[in-house]
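Here is the structure we will look at, set down as C-alpha cells.
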Amino acid sequence: MLDNLTLDQIRTFVAVVEGGSFRAGAARLSRVQSAISHAIGNLEAELNVALFTRTGRKPELTAEGQALLTDARAILIKVDAMRARARGQGQGLELSLAIAVDPVIPAGILAGALLDLRAEHPSVGVALKSLPMRAALHALINRHCTLAITTDTQRDSLVEAECLGPAQPFVAVCAAHHPLAAPPAAGWSAVDLSDHLQIVVSDPSPVSEGLDFGVLSPGTWRVSDLATKLALIRAGIGWGNLPSWMVDVDLAHGALVRVTATALGSQSETALSAYLLWRIDQPPGPAACHLRERLLAHFDGGRWLRATAFAAPANAVPA
C-alpha cells in the first residue's frame, strides 16, 4: 500500500532531478534543503527503493529512480491538467490573448481568423508576437504567451497541439537575374547550390542553438525576419526558402523564379502544416476557443494530436 505517497513528494523528486541537486530543488520550490531531503527520504521509504545515490558531490539517479521519473512526471502533468480544467469550469471571457505566431503562417488566414474573433468578442485585446522557427514554442513553454501558431513539429510534454491544416509550402527562390535562375536540364545539384550565397533566417530561441535546418550553402547571410530575407533575395544577393504566399506575386510577374534543384525535392518545395499550441495547465478560454474554431475554418480542416515528447528535428521548417 502506498497510502502515504503524496504529490508533494513526487513534485519534490522531479524538482531535484530537474535542478540537478537537492539545493537547486529547494530553490525551485522555495523551501529549505532539509525539507527537500526529508521529502525525498520519505518517498524512498514509501516506494521501498533508492531514487538517488549520494556518494558523489551531487545526487545521481539510480536505475530505479530513472525508471520512476517518467511515472512521476506523468502524474504531475495529469494533476496540473485536472487543476487547469477545474479552473476553466465557468471561466469568464479573457481580457486579452497573447499569441506567438511563426511568420511563415499565411498572413491572410491569420488576419481572417482574427477579424472573426474581433466581430464575436470586440472587448478582447490581442497581442501578437512574430517569432520564427522554434521561438514560438519556446515563448509558450516559458509563459510569454498563451497560444502559439507555428509550422514547427517540435513538441514539449507540457504542450497540447492541434493541427489546423496544411499551410502553403516553402519554396526555394532567387531573383530572375541570379545565376541560379537558369538551371541545367537536370536541375542544380547540392554542390551547385553550395557555390551560391544562401539567405537564412536565424532562430532566436535557445531550443535549437547551433543547429541549421534546410541550409545547403556553406556561405550564408543571417537575417532576423522574412521581410528582410525577401528583400535580399529580390536584390539578387542570394537564394533562399520562403513561404509561397509571400512570393506568389513575384513569381507570377517574373521578378523571382524557383530554384530547380534535386536536393530540394521534385518541386523544389517543402510541405508544411500549421499547428495551434497551448500549455496543458492553461487551457483555452472562450475567446481562444473561438479563435481556434475560426482558424480551423480558414485552414479548412484539422487533426487533433497529443504531444508527449520532443519530435526529432529532421522535419523542421527550412531556414
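Labels used: A, B, ... for chains in the order of the C-alpha cells, numbers from 1 for residues in each chain, and numbers from 1 for ligands as shown.
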Residues near A:Ala274, cut-off 9 Å, only C-alpha atoms, skip fewer than 6 positions along chain, as a PyMOL selection string
chain A and resi 105+149-152+162-167+299
Exercise for the section: Mind checking which residues fall within 10 Å of A:Ala107, counting only C-alpha atoms, ignoring those fewer than 6 positions away in the same chain, and posting them as a list in words? Expected result: Val101, Trp245 and Met246 of chain A
Shortest contact to A:Arg118, candidates A:Leu69, A:Leu197, A:Leu97, A:Ala172, atoms counted only C-alpha atoms, goes to A:Leu97
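Compared by their closest atoms to A:Leu137, and using only C-alpha atoms, the residues A:Leu276, A:Leu296, A:Val200, A:Val171 rank with A:Leu276 nearest.
Among the candidate residues A:Ile141, A:Ala161, A:Val14, A:Leu256, the one lying nearest to A:Ala74 is A:Val14, with distances computed using only C-alpha atoms.
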Can you tell me, as a ChimeraX atom specification, which residues in stretch 12-160 of chain A count as helix (DSSP H, G or I) by DSSP? /A:12-19,22-29,33-47,63-88,107-120,135-141
Hey, what's within 7 Å of A:Leu43 if we count only C-alpha atoms and toss same-chain stuff fewer than 4 positions away? As number ranges by chain, please?
-> A: 5, 9, 39, 47
query: Of the candidates A:Leu93, A:Pro204, A:Ile199, A:Pro103, which shows the shortest atom-to-atom distance to A:Ala235, using only C-alpha atoms?
result: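 Ranked by minimum distance to A:Ala235, first place goes to A:Ile199.
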Strand (DSSP E or B) per DSSP on the backbone: members of stretch 44-286 of chain A, as a VMD selection string:
chain A and resid 52 to 53 60 to 61 96 to 101 125 to 130 147 to 150 159 to 175 188 198 to 201 220 to 223 239 to 243 256 to 258 261 269 to 279
